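Structure file query_35.txt (compact mmCIF, C-alpha atoms) is printed below.
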# COMPACT_ATOMS: atom_id res chain seq x y z
CA MET A 202 47.30 -10.07 -11.72
CA SER A 203 48.53 -12.51 -9.07
CA GLY A 204 46.43 -15.33 -7.70
CA ALA A 205 46.33 -13.67 -4.27
CA ALA A 206 44.97 -10.44 -5.77
CA VAL A 207 42.31 -12.36 -7.66
CA ARG A 208 41.27 -14.14 -4.47
CA ASP A 209 41.15 -10.83 -2.59
CA ARG A 210 38.91 -9.25 -5.22
CA ARG A 211 36.68 -12.30 -5.24
CA ALA A 212 36.42 -12.18 -1.46
CA GLN A 213 35.52 -8.49 -1.63
CA ARG A 214 32.76 -9.21 -4.12
CA HIS A 215 31.42 -11.95 -1.84
CA ARG A 216 31.46 -9.59 1.13
CA ARG A 217 29.66 -6.87 -0.83
CA ALA A 218 27.07 -9.40 -2.02
CA ALA A 219 26.58 -10.64 1.54
CA LEU A 220 26.21 -7.06 2.79
CA GLY A 221 23.69 -6.35 0.02
CA ARG A 222 21.64 -9.40 0.98
CA ALA A 223 21.73 -8.40 4.65
CA LEU A 224 20.60 -4.85 3.89
CA SER A 225 17.83 -6.07 1.59
CA GLY A 226 16.62 -8.27 4.44
CA LEU A 227 16.49 -5.25 6.75
CA TYR A 228 15.51 -2.51 4.30
CA ARG A 229 12.62 -3.90 2.38
CA PRO A 230 10.61 -1.11 0.64
CA LEU A 231 7.41 -0.45 2.53
CA ALA A 232 5.27 0.92 -0.30
CA ALA A 233 5.19 1.04 -4.08
CA ASP A 234 1.72 2.52 -4.61
CA ASP A 235 -0.45 5.24 -3.14
CA GLY A 236 -2.67 2.82 -1.25
CA ARG A 237 0.24 1.23 0.56
CA VAL A 238 1.76 4.66 1.27
CA ALA A 239 -1.50 5.76 2.88
CA PHE A 240 -1.50 2.59 5.00
CA TRP A 241 1.96 3.29 6.45
CA VAL A 242 1.22 6.98 7.00
CA ARG A 243 -1.80 5.92 9.05
CA HIS A 244 0.45 3.48 10.89
CA VAL A 245 2.82 6.32 11.81
CA ARG A 246 -0.08 8.46 13.02
CA MET A 247 -1.35 5.61 15.17
CA GLY A 248 2.19 5.20 16.50
CA VAL A 249 2.25 8.84 17.54
CA LEU A 250 -1.11 8.38 19.26
CA VAL A 251 0.09 5.25 21.07
CA THR A 252 3.26 7.08 22.13
CA GLU A 253 1.22 9.99 23.49
CA LEU A 254 -1.06 7.67 25.45
CA SER A 255 1.90 5.72 26.82
CA ALA A 256 3.55 8.96 27.94
CA LEU A 257 0.38 10.07 29.71
CA VAL A 258 0.09 6.68 31.42
CA GLY A 259 3.72 7.03 32.49
CA ILE A 260 3.04 10.45 33.98
CA GLY A 261 0.03 9.09 35.84
CA TYR A 262 2.05 6.17 37.13
CA ALA A 263 4.87 8.41 38.33
CA LEU A 264 2.43 10.70 40.16
CA LEU A 265 0.20 8.04 41.71
CA ALA A 266 2.30 4.96 42.36
CA GLU A 267 3.48 4.25 45.88
CA GLY A 268 7.09 3.77 46.75
CA PRO A 269 10.06 5.24 44.89
CA ALA A 270 7.99 6.07 41.82
CA GLY A 271 5.54 8.26 43.68
CA GLY A 272 6.03 11.84 42.58
CA HIS A 273 9.29 10.96 40.84
CA VAL A 274 10.13 14.20 39.08
CA SER A 275 12.58 12.61 36.63
CA LEU A 276 9.96 10.17 35.35
CA VAL A 277 7.41 12.94 34.92
CA VAL A 278 9.90 15.11 33.00
CA LEU A 279 10.95 12.18 30.80
CA ALA A 280 7.35 11.23 29.96
CA ALA A 281 6.40 14.85 29.33
CA ALA A 282 9.36 15.26 26.95
CA VAL A 283 8.22 12.21 25.00
CA ALA A 284 4.67 13.54 24.81
CA LEU A 285 5.91 16.87 23.46
CA ALA A 286 8.42 15.40 21.00
CA ALA A 287 6.34 12.60 19.44
CA PRO A 288 4.10 14.85 17.25
CA ALA A 289 7.23 16.15 15.50
CA VAL A 290 7.27 12.88 13.54
CA LEU A 291 4.16 14.08 11.71
CA LEU A 292 6.13 17.03 10.32
CA LEU A 293 8.32 14.69 8.26
CA PRO A 294 7.58 14.10 4.52
CA LEU A 295 6.00 10.75 5.38
CA PRO A 296 4.44 9.87 1.97
CA ALA A 297 7.80 10.25 0.21
CA MET A 298 9.67 8.45 3.00
CA MET A 299 7.44 5.39 2.83
CA ARG A 300 8.59 4.76 -0.77
CA ASP A 301 12.31 4.43 -0.08
CA TRP A 302 14.90 3.52 2.56
CA ARG A 303 13.82 6.39 4.81
CA GLY A 304 10.61 4.60 5.78
CA PRO A 305 12.28 1.56 7.39
CA THR A 306 14.92 3.87 8.89
CA LEU A 307 12.18 5.89 10.59
CA PHE A 308 10.71 2.79 12.21
CA TYR A 309 14.10 1.41 13.23
CA GLY A 310 15.09 4.71 14.78
CA TRP A 311 11.72 5.01 16.49
CA THR A 312 12.10 1.57 18.06
CA LEU A 313 15.64 2.27 19.28
CA ALA A 314 14.58 5.64 20.74
CA THR A 315 11.67 3.95 22.51
CA VAL A 316 14.01 1.29 23.94
CA VAL A 317 16.33 3.99 25.30
CA VAL A 318 13.46 5.88 26.92
CA VAL A 319 11.89 2.77 28.46
CA VAL A 320 15.23 1.46 29.77
CA VAL A 321 16.00 4.84 31.37
CA ALA A 322 12.52 5.01 32.89
CA THR A 323 12.84 1.45 34.19
CA ARG A 324 16.17 2.24 35.87
CA LEU A 325 14.69 5.35 37.45
CA ASP A 326 11.82 3.23 38.75
CA GLY A 327 13.98 0.67 40.48
CA GLY A 328 15.15 -1.70 37.73
CA ALA A 329 13.81 -5.16 36.90
CA ALA A 330 11.06 -4.90 39.52
CA SER A 331 9.47 -1.95 37.71
CA PRO A 332 6.36 -2.58 35.59
CA LEU A 333 7.50 0.04 33.07
CA ASP A 334 9.58 -2.52 31.20
CA ALA A 335 6.32 -3.92 29.81
CA LEU A 336 6.32 -0.95 27.43
CA LEU A 337 9.10 -2.73 25.51
CA PHE A 338 6.58 -5.36 24.43
CA LEU A 339 4.23 -2.64 23.25
CA ALA A 340 6.97 -0.94 21.23
CA LEU A 341 8.17 -4.13 19.56
CA THR A 342 4.61 -5.29 18.79
CA PHE A 343 3.64 -2.05 17.10
CA MET A 344 6.85 -1.53 15.16
CA ALA A 345 7.17 -5.18 14.09
CA ALA A 346 4.38 -4.60 11.56
CA ALA A 347 6.82 -2.52 9.52
CA TYR A 348 9.78 -4.89 9.71
CA PRO A 349 10.65 -7.91 7.61
CA PRO A 350 11.46 -11.00 9.72
CA ALA A 351 15.17 -10.19 9.83
CA GLY A 352 14.38 -6.70 11.07
CA VAL A 353 12.16 -8.08 13.83
CA VAL A 354 14.98 -10.34 15.01
CA VAL A 355 17.49 -7.47 14.97
CA MET A 356 15.19 -5.11 16.86
CA GLY A 357 14.15 -7.81 19.32
CA SER A 358 17.81 -8.56 19.97
CA ALA A 359 18.50 -4.85 20.50
CA VAL A 360 15.66 -4.67 23.03
CA MET A 361 16.97 -7.72 24.89
CA ALA A 362 20.56 -6.44 24.85
CA GLY A 363 19.53 -3.06 26.19
CA TYR A 364 17.50 -4.62 28.96
CA LEU A 365 20.23 -7.13 29.83
CA PHE A 366 23.13 -4.68 30.07
CA PHE A 367 21.36 -1.71 31.61
CA ILE A 368 18.68 -3.32 33.79
CA VAL A 369 19.55 -6.93 34.63
CA LEU A 370 23.33 -6.77 35.03
CA PRO A 371 25.38 -6.89 37.13
CA GLY A 372 23.01 -8.25 39.77
CA ALA A 373 20.85 -10.62 37.69
CA THR A 374 17.54 -11.50 39.30
CA THR A 375 14.96 -14.16 38.56
CA ASN A 376 12.52 -11.49 37.44
CA GLY A 377 15.01 -10.01 35.02
CA MET A 378 16.04 -13.31 33.48
CA PHE A 379 12.40 -14.39 33.16
CA PHE A 380 11.66 -11.12 31.34
CA LEU A 381 14.52 -11.76 28.92
CA ALA A 382 13.33 -15.30 28.21
CA VAL A 383 9.79 -14.10 27.52
CA MET A 384 11.12 -11.30 25.29
CA GLY A 385 13.13 -13.85 23.29
CA VAL A 386 10.05 -16.01 22.70
CA PHE A 387 8.02 -12.91 21.91
CA THR A 388 10.59 -11.83 19.30
CA ILE A 389 10.33 -15.23 17.59
CA VAL A 390 6.53 -14.97 17.53
CA CYS A 391 6.73 -11.46 16.04
CA ALA A 392 9.21 -12.64 13.41
CA MET A 393 6.89 -15.48 12.41
CA SER A 394 3.97 -13.07 12.23
CA SER A 395 6.05 -10.68 10.11
CA ALA A 396 7.00 -13.48 7.72
CA ASN A 397 3.36 -14.47 7.30
CA SER A 398 2.28 -10.85 6.83
CA TRP A 399 4.88 -10.08 4.16
CA ALA A 400 4.21 -13.37 2.38
CA ALA A 401 0.49 -12.55 2.27
CA HIS A 402 1.30 -9.07 0.96
CA ASP A 403 3.56 -10.52 -1.73
CA ARG A 404 0.85 -12.93 -2.84
CA GLN A 405 -1.71 -10.13 -2.94
CA SER A 406 0.65 -7.87 -4.92
CA LEU A 407 1.37 -10.65 -7.39
CA LEU A 408 -2.35 -11.33 -7.78
CA ILE A 409 -3.07 -7.65 -8.41
CA ARG A 410 -0.27 -7.36 -10.96
CA THR A 411 -1.46 -10.54 -12.69
CA GLN A 412 -5.02 -9.22 -12.84
CA GLU A 413 -3.80 -5.91 -14.24
CA VAL A 414 -1.80 -7.69 -16.92
CA LEU A 415 -4.72 -9.96 -17.82
CA ALA A 416 -7.09 -7.00 -17.93
CA SER A 417 -4.87 -5.17 -20.42
CA THR A 418 -3.55 -8.07 -22.53
CA ASP A 419 -5.13 -9.93 -25.42
CA PRO A 420 -5.24 -13.57 -24.26
CA LEU A 421 -4.55 -15.05 -27.71
CA THR A 422 -1.67 -12.93 -29.01
CA GLY A 423 -0.23 -11.71 -25.71
CA ILE A 424 -0.11 -8.10 -26.93
CA PRO A 425 -2.07 -5.14 -25.46
CA ASN A 426 -5.82 -5.17 -25.89
CA ARG A 427 -8.27 -2.37 -26.73
CA ARG A 428 -8.40 -1.11 -23.16
CA LEU A 429 -4.66 -0.56 -22.81
CA PHE A 430 -4.41 0.85 -26.34
CA LEU A 431 -7.06 3.47 -25.60
CA GLU A 432 -5.25 4.43 -22.38
CA ARG A 433 -1.97 4.93 -24.24
CA LEU A 434 -3.70 6.75 -27.07
CA ALA A 435 -5.29 9.15 -24.57
CA ALA A 436 -1.86 9.75 -23.04
CA ALA A 437 -0.41 10.42 -26.51
CA VAL A 438 -3.16 12.96 -27.24
CA ALA A 439 -2.46 14.68 -23.91
CA THR A 440 1.24 15.05 -24.75
CA ALA A 441 0.79 15.90 -28.44
CA GLY A 442 2.47 19.06 -29.62
CA ARG A 443 5.45 18.77 -27.25
CA GLY A 444 7.98 17.93 -29.90
CA ARG A 445 6.50 14.50 -30.57
CA ARG A 446 4.82 13.35 -33.76
CA THR A 447 2.59 10.36 -33.16
CA VAL A 448 0.40 8.37 -35.53
CA VAL A 449 -2.34 5.80 -35.21
CA CYS A 450 -2.56 2.95 -37.70
CA LEU A 451 -5.56 0.64 -37.83
CA VAL A 452 -4.69 -2.68 -39.45
CA ASP A 453 -7.51 -4.86 -40.74
CA LEU A 454 -6.71 -8.22 -42.33
CA ASP A 455 -7.86 -8.94 -45.89
CA GLY A 456 -9.09 -12.46 -46.54
CA PHE A 457 -8.89 -13.65 -42.96
CA LYS A 458 -12.39 -15.20 -42.91
CA ALA A 459 -11.35 -17.64 -45.62
CA VAL A 460 -8.59 -18.98 -43.38
CA ASN A 461 -11.06 -19.90 -40.66
CA ASP A 462 -13.50 -21.37 -43.19
CA THR A 463 -10.89 -23.39 -45.10
CA ASP A 464 -8.21 -24.34 -42.58
CA GLY A 465 -10.10 -24.07 -39.30
CA HIS A 466 -10.01 -21.72 -36.35
CA ALA A 467 -6.72 -23.12 -35.04
CA ALA A 468 -5.02 -21.95 -38.22
CA GLY A 469 -6.76 -18.59 -37.91
CA ASP A 470 -5.57 -18.19 -34.33
CA ALA A 471 -2.02 -19.09 -35.32
CA LEU A 472 -2.15 -16.46 -38.06
CA LEU A 473 -3.37 -13.81 -35.63
CA VAL A 474 -0.46 -14.59 -33.32
CA ALA A 475 1.95 -14.36 -36.25
CA VAL A 476 0.49 -11.04 -37.37
CA GLY A 477 0.82 -9.60 -33.86
CA ALA A 478 4.48 -10.64 -33.77
CA ALA A 479 5.10 -9.29 -37.27
CA LEU A 480 3.64 -5.89 -36.41
CA GLY A 481 5.71 -5.76 -33.23
CA SER A 482 8.89 -6.44 -35.18
CA ALA A 483 8.07 -3.60 -37.60
CA VAL A 484 8.04 -0.91 -34.91
CA ARG A 485 10.18 0.06 -31.93
CA GLU A 486 9.80 -1.41 -28.46
CA THR A 487 8.49 1.93 -27.19
CA ASP A 488 5.60 1.83 -29.68
CA THR A 489 2.35 0.01 -28.99
CA VAL A 490 0.88 -2.83 -31.02
CA ALA A 491 -2.57 -3.95 -29.88
CA ARG A 492 -5.33 -6.27 -30.97
CA LEU A 493 -8.64 -4.45 -30.87
CA GLY A 494 -10.71 -7.54 -31.56
CA GLY A 495 -11.29 -10.13 -34.25
CA ASP A 496 -8.80 -9.56 -37.05
CA GLU A 497 -8.33 -5.86 -36.33
CA PHE A 498 -5.06 -4.54 -34.91
CA ALA A 499 -3.86 -1.05 -34.03
CA VAL A 500 -0.45 0.57 -33.79
CA LEU A 501 0.47 3.72 -31.88
CA ALA A 502 3.93 4.90 -32.89
CA ASP A 503 6.18 7.94 -32.75
CA VAL A 504 7.51 9.19 -36.06
CA THR A 505 11.02 10.56 -35.80
CA GLY A 506 13.06 12.80 -38.04
CA GLY A 507 11.75 13.52 -41.51
CA SER A 508 10.34 10.03 -42.02
CA PRO A 509 6.79 10.31 -43.44
CA PRO A 510 4.08 8.52 -41.44
CA ALA A 511 2.91 6.74 -44.60
CA LEU A 512 6.27 4.95 -44.71
CA LEU A 513 5.60 3.44 -41.30
CA ALA A 514 2.09 2.39 -42.37
CA ASP A 515 3.48 0.73 -45.49
CA ARG A 516 6.05 -1.11 -43.40
CA LEU A 517 3.20 -2.51 -41.30
CA ARG A 518 1.34 -3.54 -44.45
CA ALA A 519 4.42 -5.33 -45.77
CA ALA A 520 4.98 -7.11 -42.44
CA VAL A 521 1.44 -8.50 -42.49
CA ALA A 522 1.77 -9.56 -46.13
CA LEU A 523 4.90 -11.50 -45.23
CA ALA A 524 3.32 -13.16 -42.18
CA GLY A 525 0.16 -14.08 -44.11
CA ARG A 526 1.68 -15.07 -47.46
CA ARG A 527 0.93 -18.77 -46.92
CA HIS A 528 -2.77 -18.00 -46.57
CA ARG A 529 -2.71 -15.08 -49.01
CA VAL A 530 -3.76 -12.74 -46.25
CA THR A 531 -2.86 -9.07 -46.54
CA ALA A 532 -3.78 -5.94 -44.62
CA SER A 533 -5.60 -2.69 -45.20
CA VAL A 534 -3.98 0.04 -43.08
CA GLY A 535 -5.67 3.30 -42.10
CA LEU A 536 -3.45 6.16 -40.95
CA ALA A 537 -4.28 9.17 -38.78
CA GLU A 538 -1.91 11.63 -37.10
CA VAL A 539 -2.37 12.60 -33.46
CA GLU A 540 -2.84 16.34 -33.03
CA PRO A 541 -3.26 18.43 -29.88
CA GLY A 542 -6.86 18.56 -28.71
CA HIS A 543 -7.95 15.51 -30.66
CA ASP A 544 -10.78 13.43 -29.25
CA VAL A 545 -9.69 9.79 -28.89
CA GLU A 546 -12.86 8.37 -30.42
CA ASP A 547 -12.78 10.85 -33.28
CA LEU A 548 -9.14 9.98 -33.92
CA LEU A 549 -9.98 6.28 -34.10
CA HIS A 550 -12.89 7.08 -36.38
CA ARG A 551 -10.60 8.95 -38.75
CA ALA A 552 -8.17 6.03 -38.86
CA ASP A 553 -11.09 3.65 -39.36
CA VAL A 554 -12.41 5.65 -42.31
CA ALA A 555 -8.92 5.70 -43.84
CA MET A 556 -8.65 1.94 -43.36
CA TYR A 557 -11.97 1.30 -45.14
CA ARG A 558 -10.82 3.56 -47.94
CA ALA A 559 -7.81 1.26 -48.36
CA LYS A 560 -10.00 -1.85 -48.19
CA SER A 561 -12.49 -0.51 -50.73
CA GLY A 562 -9.56 0.11 -53.06
CA GLY A 563 -8.76 -3.59 -53.14
CA GLY A 564 -6.85 -4.09 -49.87
CA ASP A 565 -3.15 -4.59 -49.29
CA ARG A 566 -2.63 -0.85 -49.24
CA VAL A 567 -2.49 2.20 -46.98
CA GLY A 568 -5.32 4.69 -46.67
CA VAL A 569 -4.80 8.25 -45.46
CA LEU A 570 -7.73 10.53 -44.67
CA ASP A 571 -7.28 14.04 -46.00
CA ALA A 572 -7.19 16.74 -43.33

Please re-express this file's structure in structure tokens.
Amino acid sequence: MSGAAVRDRRAQRHRRAALGRALSGLYRPLAADDGRVAFWVRHVRMGVLVTELSALVGIGYALLAEGPAGGHVSLVVLAAAVALAAPAVLLLPLPAMMRDWRGPTLFYGWTLATVVVVVVATRLDGGAASPLDALLFLALTFMAAAYPPAGVVVMGSAVMAGYLFFIVLPGATTNGMFFLAVMGVFTIVCAMSSANSWAAHDRQSLLIRTQEVLASTDPLTGIPNRRLFLERLAAAVATAGRGRRTVVCLVDLDGFKAVNDTDGHAAGDALLVAVGAALGSAVRETDTVARLGGDEFAVLADVTGGSPPALLADRLRAAVALAGRRHRVTASVGLAEVEPGHDVEDLLHRADVAMYRAKSGGGDRVGVLDA
């Protein structure tokens, strides 16, 4: 490949990357959870209400104002058409739209349609001297809540361009130019407000995700805790019998107390971390290894093919024996299979009984409770 061709391909990649960054700045997802979806759906409904009220005010203005606007049939028809058309937005699949690119597109299109209507109404009402152009501020203020800063700037620029070319020019007036200057400053203020709003939302989302992780993670080993394990176990019970064979293994360490008593709690903590890592390496990434508390761990794993569940349990036992060989710590493993209709607590009890059967047999072995 020639050097020119290489440079052309590199330039194309740069252009695509630049376009991707530009689109991401304009098309930021509005919602990723049900609460946020509900917020934007309410925002759309309020937008419809505001549009209806603005249309009614426009009709009243056209009927009551003195001068060229008084009884202006075109203004009344235009405002009435807006009032009739606005509720159609509520017929759209708004909850689904708020989760993807269609949500921002709805707000962008709504703003542009509003600009067109207001510019037409302003021209019908005499141009820059008409008070109807104030509705542009209302439209940009309301819609700016849905836009990232770049989107606010783009929409503000579109508003200013529409007003400049269709209202102010060719005979620019002081009123028109003053309106444009104020709209420019207003766009900057809205962009700053948008930046602050999205930054606050990002911080809140990060805080919520962090809290969720902390609430479901064992702080010492970094693996799931009892709460998350029980949630996944309940989900496994709910889907049992659909071609999946799932087992629960309770892993209790043998001789762990002696580590704390002899070498100190720091050594015990280090061993617990090592055991958690060893169990994780003995199963697949899709399986769950959790610390239930103290020196007790649990594994929720799918068994594939004709592999017997006891083989998995023995692999867990061997992994713990390897991780704890320095301290002569082993594991007693209790095994129970997940069946349709099982109660989660009863399932854990069965695995617990099987684990104590292994421990009472001398430890470092697998216990299976007979059906």

Measuring between only C-alpha atoms, which one of A:Val504, A:Ala436, A:Ala392, A:Leu276 shows the shortest distance to Ala346 (chain A)? A:Ala392

Contacts of Val474 (chain A) at 8 Å or less, counting all atoms listed in the file, minus same-chain residues fewer than 4 places along, as an NGL selection string? :A and (421-422 or 470 or 478)

Name all residues at most 10 Å from Leu381 (chain A) (count only C-alpha atoms; drop same-chain ones fewer than 5 positions away) and give them as a PyMOL selection string. chain A and resi 360-362+364-365+369+375-376+386-387

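Nearest residue to Leu227 (chain A) among A:Leu291, A:Leu333, A:Ala345, A:Val319 is A:Ala345, counting all atoms listed in the file.
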
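Taking CA of Gly385 (chain A) and CA of Leu337 (chain A) as the two end points, the separation is 12.0 Å.
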
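From CA of Val500 (chain A) back to CA of Leu480 (chain A), the distance works out to 8.1 Å.
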
Between CA of Pro425 (chain A) and CA of Val534 (chain A), what is the distance in Å, rounded to a tenth? 18.5 Å

Using only C-alpha atoms, which residues sit within 10 Å of region 304-315 of chain A once same-chain residues fewer than 6 positions away are excluded, as a PyMOL selection string? chain A and resi 227-232+238+241-242+245+248+252+283+287+290+293+295-298+321+336-337+339-341+343-349+352-353+355-357+359-360+363

Closest of A:Gly259, A:Thr388, A:Ala437, A:Leu285 to Pro541 (chain A), counting all atoms listed in the file, is A:Ala437

Pick from A:Phe457, A:Ser417, A:Glu538, A:Ala471 nearest to Pro509 (chain A), counting only C-alpha atoms: A:Glu538

Leaving out Thr489 (chain A) and any residue of its chain fewer than 4 positions from it, which residues lie within 10 Å of it when counting all atoms listed in the file, given as a ChimeraX atom specification? /A:424-425,429-430,433-434,449,480-481,484-485,499-503

Of A:Pro350, A:Gly535, A:Gly423, A:Gly542, the one sitting nearest Ala439 (chain A) when using all atoms listed in the file is A:Gly542

Which centre and which edge lengths, in Å to one decimal, describe the axis-aligned box that holds all listed atoms of region 537-554 of chain A after 8 Å is added on each side, as JSON?
{"center_x": -7.4, "center_y": 11.1, "center_z": -35.5, "size_x": 27.0, "size_y": 30.9, "size_z": 29.6}

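Comparing the minimum interatomic distances between Ile368 (chain A) and each of A:Asn397, A:Gly456, A:Asp403, A:Ala322, counting all atoms listed in the file, we find that A:Ala322 sits nearest.
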